[in-house]
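Note: the block below is target.txt and it holds compact mmCIF, C-alpha atoms and all ligand atoms.
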# COMPACT_ATOMS: atom_id res chain seq x y z
CA MET Y 1 -31.15 -13.38 -22.15
CA ASN Y 2 -33.28 -11.62 -24.73
CA LEU Y 3 -33.55 -7.98 -25.75
CA ARG Y 4 -36.54 -7.48 -23.48
CA ASP Y 5 -34.29 -8.35 -20.51
CA LEU Y 6 -32.07 -5.48 -21.63
CA GLY Y 7 -35.01 -3.06 -21.64
CA PHE Y 8 -36.26 -3.40 -25.23
CA ASP Y 9 -39.92 -3.08 -24.21
CA GLU Y 10 -43.22 -2.43 -26.07
CA TRP Y 11 -42.24 1.18 -26.65
CA PHE Y 12 -39.10 0.24 -28.61
CA GLU Y 13 -40.94 -2.66 -30.25
CA ALA Y 14 -43.48 -0.14 -31.54
CA HIS Y 15 -40.69 2.00 -33.01
CA SER Y 16 -38.66 -0.89 -34.35
CA ALA Y 17 -40.12 -1.34 -37.86
CA GLU Y 18 -38.38 1.66 -39.37
CA PHE Y 19 -35.11 0.76 -37.65
CA ARG Y 20 -34.82 -2.77 -38.99
CA GLN Y 21 -32.09 -3.13 -41.56
CA GLU Y 22 -30.83 -6.01 -43.70
CA GLY Y 23 -27.98 -7.89 -41.96
CA CYS Y 24 -28.37 -5.85 -38.77
CA GLY Y 25 -29.75 -6.43 -35.30
CA PHE Y 26 -30.71 -4.27 -32.34
CA ALA Y 27 -28.33 -3.68 -29.45
CA ARG Y 28 -27.99 -1.34 -26.50
CA ILE Y 29 -25.10 1.04 -25.89
CA SER Y 30 -23.50 -0.20 -22.67
CA ALA Y 31 -20.55 2.18 -22.52
CA VAL Y 32 -19.20 5.27 -24.24
CA ASP Y 33 -15.61 6.36 -24.06
CA ARG Y 34 -14.72 9.34 -26.24
CA GLY Y 35 -16.28 8.24 -29.52
CA SER Y 36 -15.87 4.48 -28.99
CA TYR Y 37 -18.82 2.43 -27.91
CA LEU Y 38 -19.59 -0.90 -26.35
CA ILE Y 39 -22.87 -2.43 -27.45
CA LYS Y 40 -24.73 -5.29 -25.86
CA ASN Y 41 -27.33 -7.67 -27.30
CA GLU Y 42 -28.80 -11.04 -26.25
CA SER Y 43 -25.54 -12.87 -26.62
CA ARG Y 44 -22.54 -10.57 -26.50
CA GLU Y 45 -21.01 -7.20 -25.70
CA VAL Y 46 -18.60 -5.86 -28.32
CA PRO Y 47 -16.84 -2.64 -29.31
CA ALA Y 48 -18.62 -0.64 -31.99
CA GLU Y 49 -18.28 2.52 -34.02
CA LEU Y 50 -20.60 4.71 -36.02
CA THR Y 51 -20.87 4.48 -39.79
CA GLY Y 52 -19.37 7.54 -41.45
CA LYS Y 53 -22.81 8.34 -42.78
CA LEU Y 54 -24.38 8.31 -39.33
CA ALA Y 55 -21.56 10.39 -37.84
CA TYR Y 56 -22.06 12.87 -40.66
CA GLN Y 57 -25.83 12.99 -40.26
CA ILE Y 58 -25.73 13.65 -36.54
CA GLY Y 59 -26.05 17.38 -36.22
CA SER Y 60 -25.56 17.89 -32.50
CA THR Y 61 -23.69 16.12 -29.72
CA VAL Y 62 -26.93 15.35 -27.89
CA ASP Y 63 -27.92 13.15 -30.84
CA LEU Y 64 -24.76 11.06 -30.62
CA PRO Y 65 -25.43 7.67 -29.06
CA CYS Y 66 -25.08 7.71 -25.30
CA VAL Y 67 -25.13 4.97 -22.70
CA GLY Y 68 -28.57 3.34 -22.62
CA ASP Y 69 -29.45 4.13 -26.23
CA TRP Y 70 -30.84 1.45 -28.55
CA VAL Y 71 -29.19 1.15 -31.95
CA THR Y 72 -29.28 -0.81 -35.19
CA ALA Y 73 -25.90 -2.47 -35.76
CA ASN Y 74 -24.20 -5.08 -37.89
CA TYR Y 75 -21.46 -7.35 -36.65
CA TYR Y 76 -18.22 -8.33 -38.38
CA ASN Y 77 -14.99 -10.20 -37.57
CA ASN Y 78 -16.94 -13.25 -36.36
CA GLY Y 79 -19.17 -11.04 -34.30
CA THR Y 80 -16.36 -9.48 -32.28
CA ALA Y 81 -16.94 -5.92 -33.50
CA ALA Y 82 -19.85 -3.90 -34.81
CA ILE Y 83 -20.90 -0.89 -36.81
CA ILE Y 84 -23.76 1.31 -35.63
CA HIS Y 85 -26.14 2.42 -38.39
CA ARG Y 86 -29.12 3.95 -36.62
CA VAL Y 87 -30.02 5.31 -33.19
CA PHE Y 88 -33.53 4.85 -31.78
CA PRO Y 89 -35.44 7.78 -30.36
CA ARG Y 90 -35.16 8.05 -26.57
CA LYS Y 91 -38.05 7.03 -24.36
CA THR Y 92 -36.54 8.92 -21.42
CA PHE Y 93 -33.23 10.67 -20.85
CA LEU Y 94 -31.03 12.43 -18.33
CA ARG Y 95 -29.25 15.47 -19.64
CA ARG Y 96 -27.50 18.45 -18.17
CA LYS Y 97 -27.16 21.99 -19.35
CA THR Y 98 -23.69 22.97 -20.41
CA ALA Y 99 -22.46 26.41 -19.50
CA GLY Y 100 -20.48 27.03 -22.66
CA GLU Y 101 -20.90 29.95 -24.99
CA ASN Y 102 -24.24 28.61 -26.17
CA VAL Y 103 -26.56 27.03 -23.65
CA ASP Y 104 -26.59 23.47 -24.86
CA TYR Y 105 -27.28 20.05 -23.42
CA GLN Y 106 -25.11 17.06 -22.79
CA MET Y 107 -26.67 13.63 -22.51
CA ILE Y 108 -25.82 11.67 -19.40
CA ALA Y 109 -27.83 8.52 -20.12
CA ALA Y 110 -30.80 7.40 -22.17
CA ASN Y 111 -33.79 5.17 -21.53
CA ILE Y 112 -33.54 5.25 -17.76
CA ASP Y 113 -36.54 4.12 -15.73
CA THR Y 114 -35.43 5.44 -12.36
CA ALA Y 115 -32.74 7.91 -11.30
CA TYR Y 116 -31.25 7.47 -7.85
CA ILE Y 117 -30.35 10.92 -6.68
CA VAL Y 118 -27.65 10.24 -4.14
CA GLN Y 119 -26.58 12.62 -1.38
CA SER Y 120 -24.54 11.93 1.69
CA CYS Y 121 -26.41 12.88 4.85
CA HIS Y 122 -23.05 13.99 6.15
CA VAL Y 123 -21.36 17.02 4.56
CA ASP Y 124 -22.95 16.79 1.09
CA PHE Y 125 -26.56 17.19 2.27
CA ASN Y 126 -28.24 19.97 0.29
CA PRO Y 127 -32.01 19.99 -0.39
CA ARG Y 128 -31.69 22.64 -3.11
CA ARG Y 129 -29.18 20.63 -5.04
CA LEU Y 130 -31.51 17.66 -4.67
CA ASP Y 131 -34.23 19.80 -6.13
CA ARG Y 132 -32.14 20.57 -9.19
CA TYR Y 133 -31.63 16.88 -9.82
CA LEU Y 134 -35.37 16.36 -9.49
CA VAL Y 135 -35.91 18.98 -12.17
CA MET Y 136 -33.41 17.15 -14.34
CA ALA Y 137 -35.24 13.84 -13.85
CA ALA Y 138 -38.65 15.40 -14.53
CA ASP Y 139 -37.26 17.05 -17.68
CA GLY Y 140 -36.31 13.61 -19.04
CA HIS Y 141 -39.44 11.77 -17.80
CA VAL Y 142 -37.39 9.70 -15.38
CA GLU Y 143 -38.79 8.64 -12.00
CA PRO Y 144 -36.59 9.96 -9.16
CA ILE Y 145 -35.74 8.27 -5.87
CA ALA Y 146 -33.66 10.17 -3.32
CA ILE Y 147 -30.94 8.18 -1.56
CA LEU Y 148 -29.23 9.45 1.57
CA THR Y 149 -25.94 7.63 2.20
CA LYS Y 150 -23.49 7.51 5.12
CA THR Y 151 -26.17 7.32 7.79
CA ASP Y 152 -23.48 5.73 9.97
CA LEU Y 153 -21.85 9.14 10.32
CA ILE Y 154 -24.79 10.92 11.98
CA SER Y 155 -27.18 10.20 14.84
CA ARG Y 156 -30.68 8.78 14.43
CA ASP Y 157 -32.14 12.17 15.41
CA GLU Y 158 -30.07 14.05 12.86
CA LEU Y 159 -31.12 11.55 10.20
CA ASP Y 160 -34.81 11.88 11.06
CA GLN Y 161 -34.45 15.64 10.82
CA LYS Y 162 -32.85 15.41 7.39
CA ILE Y 163 -35.46 13.01 6.10
CA ALA Y 164 -38.16 15.36 7.38
CA ILE Y 165 -36.57 18.30 5.56
CA ILE Y 166 -36.41 16.38 2.30
CA SER Y 167 -39.91 14.95 2.62
CA ALA Y 168 -41.24 18.44 3.19
CA VAL Y 169 -39.83 19.74 -0.07
CA ILE Y 170 -40.05 16.80 -2.45
CA LYS Y 171 -42.57 14.16 -3.41
CA ALA Y 172 -40.01 11.52 -4.36
CA LYS Y 173 -39.40 8.42 -2.28
CA VAL Y 174 -36.50 8.82 0.16
CA ILE Y 175 -34.27 5.93 1.22
CA ALA Y 176 -31.53 6.31 3.83
CA LEU Y 177 -28.74 3.79 3.95
CA SER Y 178 -25.22 3.07 5.07
CA ASN Y 179 -22.80 1.22 2.88
CA ILE Y 180 -20.74 0.53 6.00
CA THR Y 181 -23.33 -1.03 8.30
CA GLY Y 182 -25.66 -2.15 5.50
CA ILE Y 183 -28.66 -0.63 7.30
CA GLY Y 184 -31.24 0.51 4.75
CA PHE Y 185 -29.56 -1.31 1.90
CA ASP Y 186 -32.34 -3.92 1.65
CA ALA Y 187 -34.99 -1.22 1.20
CA PHE Y 188 -32.85 0.26 -1.56
CA GLN Y 189 -32.32 -3.11 -3.24
CA HIS Y 190 -36.08 -3.73 -3.26
CA THR Y 191 -36.52 -0.76 -5.61
CA LEU Y 192 -34.59 -2.63 -8.34
CA SER Y 193 -36.63 -4.66 -10.85
CA PRO Y 194 -35.35 -6.96 -13.60
CA GLY Y 195 -35.38 -5.49 -17.11
CA LYS Y 196 -35.47 -1.92 -15.77
CA THR Y 197 -32.63 0.58 -16.04
CA TYR Y 198 -31.39 2.74 -13.17
CA CYS Y 199 -28.89 5.56 -13.01
CA LEU Y 200 -26.90 6.80 -10.02
CA LEU Y 201 -26.63 10.59 -9.92
CA GLY Y 202 -24.99 12.85 -7.36
CA SER Y 203 -21.86 14.68 -6.34
CA SER Y 204 -18.50 12.99 -6.22
CA GLY Y 205 -17.74 11.17 -2.99
CA VAL Y 206 -21.31 10.45 -1.88
CA GLY Y 207 -20.97 6.68 -2.30
CA LYS Y 208 -22.45 5.90 -5.73
CA THR Y 209 -19.71 3.53 -6.82
CA THR Y 210 -19.74 1.92 -3.38
CA ILE Y 211 -23.45 1.18 -3.87
CA LEU Y 212 -22.69 -0.40 -7.24
CA ASN Y 213 -19.89 -2.50 -5.75
CA ARG Y 214 -22.16 -3.63 -2.93
CA LEU Y 215 -24.78 -4.72 -5.45
CA ILE Y 216 -22.21 -6.63 -7.47
CA GLY Y 217 -20.91 -8.09 -4.25
CA ARG Y 218 -17.30 -7.22 -4.77
CA GLU Y 219 -14.93 -4.31 -5.31
CA THR Y 220 -15.08 -4.16 -9.08
CA PHE Y 221 -14.95 -0.42 -9.48
CA ALA Y 222 -12.41 1.60 -7.56
CA THR Y 223 -13.42 3.97 -4.79
CA LYS Y 224 -10.99 6.00 -2.78
CA ALA Y 225 -11.00 7.72 0.56
CA VAL Y 226 -9.44 11.16 0.55
CA SER Y 227 -10.09 12.78 3.85
CA LEU Y 228 -10.51 12.27 7.53
CA THR Y 229 -14.10 13.49 7.58
CA GLY Y 230 -15.51 10.09 6.61
CA GLU Y 231 -16.08 11.39 3.11
CA GLY Y 232 -14.04 10.45 0.12
CA THR Y 233 -13.90 10.72 -3.59
CA HIS Y 234 -13.43 8.73 -6.73
CA THR Y 235 -13.79 9.73 -10.33
CA THR Y 236 -15.85 7.34 -12.40
CA SER Y 237 -14.35 8.13 -15.77
CA ARG Y 238 -16.87 6.53 -18.05
CA ARG Y 239 -20.51 5.66 -17.84
CA GLN Y 240 -21.18 1.97 -18.11
CA LEU Y 241 -24.38 -0.01 -18.03
CA ILE Y 242 -24.01 -2.98 -15.69
CA VAL Y 243 -26.48 -5.87 -15.72
CA LEU Y 244 -26.88 -6.96 -12.09
CA SER Y 245 -27.40 -10.61 -11.19
CA GLY Y 246 -31.06 -9.91 -10.34
CA GLY Y 247 -31.62 -8.62 -13.89
CA ALA Y 248 -31.81 -4.88 -13.16
CA MET Y 249 -29.45 -2.61 -15.06
CA LEU Y 250 -27.47 0.14 -13.38
CA ILE Y 251 -25.40 3.04 -14.70
CA ASP Y 252 -22.89 4.74 -12.43
CA THR Y 253 -21.92 8.31 -13.30
CA PRO Y 254 -19.13 10.67 -12.34
CA GLY Y 255 -20.01 13.38 -9.83
CA MET Y 256 -22.27 16.01 -11.26
CA ARG Y 257 -19.91 18.78 -10.28
CA GLU Y 258 -17.44 17.21 -12.64
CA LEU Y 259 -20.29 17.00 -15.12
CA GLY Y 260 -21.04 20.64 -14.40
CA ILE Y 261 -24.71 20.16 -13.68
CA VAL Y 262 -24.68 23.64 -12.25
CA GLY Y 263 -25.65 25.47 -15.38
CA ALA Y 264 -28.20 27.89 -16.71
CA GLY Y 265 -30.29 29.65 -14.14
CA ASP Y 266 -28.67 28.07 -11.10
CA GLY Y 267 -25.73 30.35 -10.57
CA VAL Y 268 -27.38 33.42 -9.17
CA GLU Y 269 -28.91 31.70 -6.17
CA MET Y 270 -25.97 29.39 -5.77
CA GLY Y 271 -23.48 32.04 -4.76
CA PHE Y 272 -19.80 31.45 -5.05
CA GLU Y 273 -20.00 27.73 -5.30
CA ALA Y 274 -21.38 28.29 -8.78
CA PHE Y 275 -18.09 29.76 -9.93
CA VAL Y 276 -16.21 26.72 -8.77
CA ALA Y 277 -18.64 24.44 -10.58
CA LEU Y 278 -18.74 26.55 -13.74
CA SER Y 279 -15.00 26.81 -13.95
CA ALA Y 280 -14.89 23.05 -14.53
CA ASN Y 281 -16.22 23.90 -17.99
CA CYS Y 282 -13.64 26.57 -18.84
CA ARG Y 283 -11.35 25.69 -21.73
CA TYR Y 284 -8.23 26.16 -19.60
CA ALA Y 285 -7.91 24.40 -16.27
CA ASN Y 286 -6.18 27.41 -14.74
CA CYS Y 287 -8.64 29.94 -16.20
CA THR Y 288 -8.81 33.14 -14.17
CA HIS Y 289 -12.21 34.02 -15.75
CA GLU Y 290 -10.88 37.43 -16.67
CA HIS Y 291 -9.72 37.30 -20.28
CA GLU Y 292 -9.18 33.69 -21.44
CA PRO Y 293 -11.11 32.39 -24.47
CA GLY Y 294 -13.63 29.64 -23.78
CA CYS Y 295 -14.33 30.85 -20.25
CA ALA Y 296 -17.58 29.26 -18.98
CA VAL Y 297 -17.91 31.73 -16.10
CA ARG Y 298 -17.86 34.80 -18.36
CA ALA Y 299 -20.14 33.02 -20.85
CA ALA Y 300 -22.64 32.44 -18.04
CA ILE Y 301 -22.52 36.12 -17.19
CA GLU Y 302 -23.03 37.10 -20.81
CA ASN Y 303 -26.05 34.79 -20.96
CA GLY Y 304 -27.45 36.39 -17.85
CA GLU Y 305 -27.18 33.12 -15.91
CA LEU Y 306 -24.85 34.66 -13.37
CA SER Y 307 -25.07 38.19 -12.07
CA GLY Y 308 -22.26 40.54 -13.04
CA ASP Y 309 -22.18 42.06 -9.55
CA ARG Y 310 -21.43 38.73 -8.02
CA TYR Y 311 -18.76 38.21 -10.60
CA SER Y 312 -16.99 41.44 -9.56
CA SER Y 313 -17.08 40.51 -5.88
CA TYR Y 314 -15.89 37.06 -6.77
CA ILE Y 315 -12.94 38.33 -8.80
CA LYS Y 316 -11.96 40.62 -5.97
CA LEU Y 317 -12.24 37.89 -3.41
CA LYS Y 318 -10.45 35.25 -5.36
CA LYS Y 319 -7.45 37.50 -5.75
CA GLU Y 320 -7.24 37.59 -1.98
CA SER Y 321 -7.82 33.95 -1.64
CA GLU Y 322 -5.26 31.26 -1.75
CA PHE Y 323 -8.17 28.87 -1.99
CA TYR Y 324 -8.57 29.70 -5.63
CA GLY Y 325 -5.24 28.25 -6.58
CA MET Y 326 -6.19 24.74 -5.47
CA SER Y 327 -7.44 21.94 -7.64
CA TYR Y 328 -10.93 20.64 -7.16
CA LEU Y 329 -9.64 17.68 -5.18
CA GLU Y 330 -7.65 19.86 -2.86
CA LYS Y 331 -10.74 21.98 -2.41
CA ARG Y 332 -12.75 19.00 -1.34
CA LYS Y 333 -10.13 18.13 1.21
CA LYS Y 334 -10.28 21.65 2.50
CA GLU Y 335 -14.05 21.71 2.43
CA LYS Y 336 -14.12 23.12 5.89
CA ALA Y 337 -11.80 25.90 4.89
CA PHE Y 338 -14.02 26.51 1.89
CA GLY Y 339 -17.01 26.79 4.17
CA ARG Y 340 -15.20 29.48 6.11
CA PHE Y 341 -14.21 31.19 2.87
CA ILE Y 342 -17.82 31.35 1.73
CA LYS Y 343 -18.93 32.58 5.12
CA SER Y 344 -16.38 35.36 5.26
CA ALA Y 345 -17.10 36.23 1.63
CA LYS Y 346 -20.78 36.57 2.39
CA LYS Y 347 -20.01 38.65 5.43
CA ARG Y 348 -17.76 40.95 3.45
CA MET Y 349 -20.44 41.31 0.79
CA LYS Y 350 -22.91 42.40 3.42
CA ASP Y 351 -20.49 44.91 4.86
N1 LIG J 1 -18.98 6.33 6.26
C1 LIG J 1 -19.42 5.97 5.07
N2 LIG J 1 -18.60 6.06 4.00
C2 LIG J 1 -19.07 5.69 2.79
C3 LIG J 1 -20.39 5.21 2.60
N3 LIG J 1 -20.56 4.96 1.29
C4 LIG J 1 -19.40 5.26 0.68
N4 LIG J 1 -18.49 5.70 1.57
C5 LIG J 1 -17.11 6.14 1.30
O1 LIG J 1 -17.15 7.35 0.57
C6 LIG J 1 -16.05 7.40 -0.35
C7 LIG J 1 -16.54 7.74 -1.74
O2 LIG J 1 -17.32 6.67 -2.21
P1 LIG J 1 -17.57 6.45 -3.76
O3 LIG J 1 -18.47 5.26 -3.87
O4 LIG J 1 -16.30 6.42 -4.53
O5 LIG J 1 -18.37 7.79 -4.13
P2 LIG J 1 -18.87 8.27 -5.57
O6 LIG J 1 -17.93 9.35 -5.98
O7 LIG J 1 -20.24 8.81 -5.34
O8 LIG J 1 -18.86 7.10 -6.49
C8 LIG J 1 -15.34 6.06 -0.24
O9 LIG J 1 -14.24 6.25 0.61
C9 LIG J 1 -16.36 5.17 0.39
O10 LIG J 1 -15.77 4.14 1.15
C10 LIG J 1 -21.25 5.11 3.76
O11 LIG J 1 -22.42 4.71 3.71
N5 LIG J 1 -20.69 5.50 4.97
MG MG J 2 -17.91 6.95 -8.33
ZN ZN J 3 -13.01 30.80 -16.90
Would you put the structure from the file into structure tokens?
Ligand SMILES: Nc1nc2c(ncn2[C@@H]2O[C@H](COP(=O)(O)OP(=O)(O)O)[C@@H](O)[C@H]2O)c(=O)[nH]1
Ligand SMILES: [Mg+2]
Ligand SMILES: [Zn+2]
Amino acid sequence: MNLRDLGFDEWFEAHSAEFRQEGCGFARISAVDRGSYLIKNESREVPAELTGKLAYQIGSTVDLPCVGDWVTANYYNNGTAAIIHRVFPRKTFLRRKTAGENVDYQMIAANIDTAYIVQSCHVDFNPRRLDRYLVMAADGHVEPIAILTKTDLISRDELDQKIAIISAVIKAKVIALSNITGIGFDAFQHTLSPGKTYCLLGSSGVGKTTILNRLIGRETFATKAVSLTGEGTHTTSRRQLIVLSGGAMLIDTPGMRELGIVGAGDGVEMGFEAFVALSANCRYANCTHEHEPGCAVRAAIENGELSGDRYSSYIKLKKESEFYGMSYLEKRKKEKAFGRFIKSAKKRMKD
């Protein structure tokens, strides 16, 4: 393996002169877990940390190394650990807006060639959400491919209908597949090329980790079924770059609701679902969005990202609703109940 196999192409080559440093080599960030890093080069993958100087120089969290970044590092302890000195500029990136007090960005992954935007064609199907991911990919100069999973749960006609809906609204390639029957998986696999980097994006429970496991050919990363609807959920806690046997690299991500992709500008059209998504970013897990400090919902209203009127109706409704007291996981289980909640909420708003 050489660096080129890991994605160090002409673009990085062209930028490399000013990043060369005595006693150091280039490596790629393969995982990030709260301030600790794994970096990978031609021969090894080792834990690494930032030099104090670099940590000090980095002004904003978006400039911290993220999975997929190229760095200049030196190795110590017989090459079993490393120190990161420099971070290369990003050729492409995937980032989300945070809904904190200041509208800021959080990096999801860097130097991604193609983003797989994964939706289940069962209950998760939502062309508008797909559209938001497309905006995110375009923003970071990443090519998008839409993946519809769980085709085994709907009829051929229903699937054709869904593909038609998507094709009508987006230009991206659409691939439908089932991780259960394997139908469509070949077409998906053909989109992977050696030396290129791919990222799986999409809500929790749509089958991203299952796709990764299928590619690896075994159950390496845990997935978990949670309901009787054929859906399930699993929280991928850290982002890790996996080199597949064919030479393509793939990064799995946690669900974007957990990542809070629903941020600036999305809330008003989104309706009440936006509150649920935003509240994932509140400082306190049990935030009532009424008076707590660090409340992402109120911050979004102050920024004008969410309408104050909707907020008032929401506060009124949530007081009536037992639904509010549930954790996100419980909510997913009760998705049907949530659907009814939204419906009745909308009806009451009309009245
Ligand atoms: N019926 C069906 N279930 C699937 C399919 N793909 C994944 N699942 C199930 O959906 C659940 C969530 O999958 P997971 O890969 O953890 O989703 P992630 O949160 O997107 O990573 C698991 O129970 C999987 O077995 C599929 O194509 N069809
Ligand atoms: Mg997962
Ligand atoms: Zn709040």
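If all atoms listed in the file are the atoms counted, then among Y:Gly140, Y:Pro127, Y:Gly7, Y:Gly25 the closest residue to Ile163 of chain Y is Y:Pro127.
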Legend entry - Best match for closeness to Ser36 of chain Y among Y:Leu50, Y:Gly304, Y:Cys24, Y:Ile242, counting only C-alpha atoms: Y:Leu50
Inset, instruction - Compile the contact shell of Lys40 of chain Y as a PyMOL selection string: residues with an atom at most 7 Å away, counting all atoms listed in the file, same-chain residues fewer than 6 positions apart removed. - result: chain Y and resi 27-30+46
Inset, instruction - Could you tell me, counting all atoms listed in the file, which protein and nucleic acid residues lie no more than 9 Å from ligand ZN 3 (chain J), written as JSON, numbers by chain? - result: {"Y": [275, 278, 279, 280, 281, 282, 283, 284, 285, 286, 287, 288, 289, 290, 291, 292, 293, 294, 295, 296, 297, 298, 299]}
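Atom to atom, atom CA of Tyr198 of chain Y and atom CA of Ile175 of chain Y stand 15.0 Å apart.
Atom pair atom CA of Ala48 of chain Y / atom CA of Lys208 of chain Y: separated by 27.3 Å.
Atom CA of Ser120 of chain Y to atom O11 of ligand LIG 1 (chain J) spans 7.8 Å [interatomic distance, one decimal].
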Legend entry - Residue contacts of segment 80-95 of chain Y (8 Å, only C-alpha atoms) excluding same-chain residues fewer than 3 positions away, as an MDAnalysis selection string: chainID Y and resid 11:12 15 19 46:51 54 65 69:77 105:113 136:137 139:142
Legend entry - Sel. within 8 Å of pt (-36.0, 16.7, -6.2), counting all atoms listed in the file, output as a PyMOL selection string: chain Y and resi 127-135+144+146+169-172
Inset, instruction - Have a look at Y:Arg156, Y:His190, Y:His122, Y:Lys196 and name the one nearest to ligand LIG 1 (chain J); count only C-alpha atoms and all ligand atoms. - result: Y:His122
Inset, instruction - Would you mind listing what lies within 7 Å of Val206 of chain Y as a ChimeraX atom specification, with only C-alpha atoms counted and same-chain residues fewer than 3 positions away left out? - result: /Y:118-120,149,203
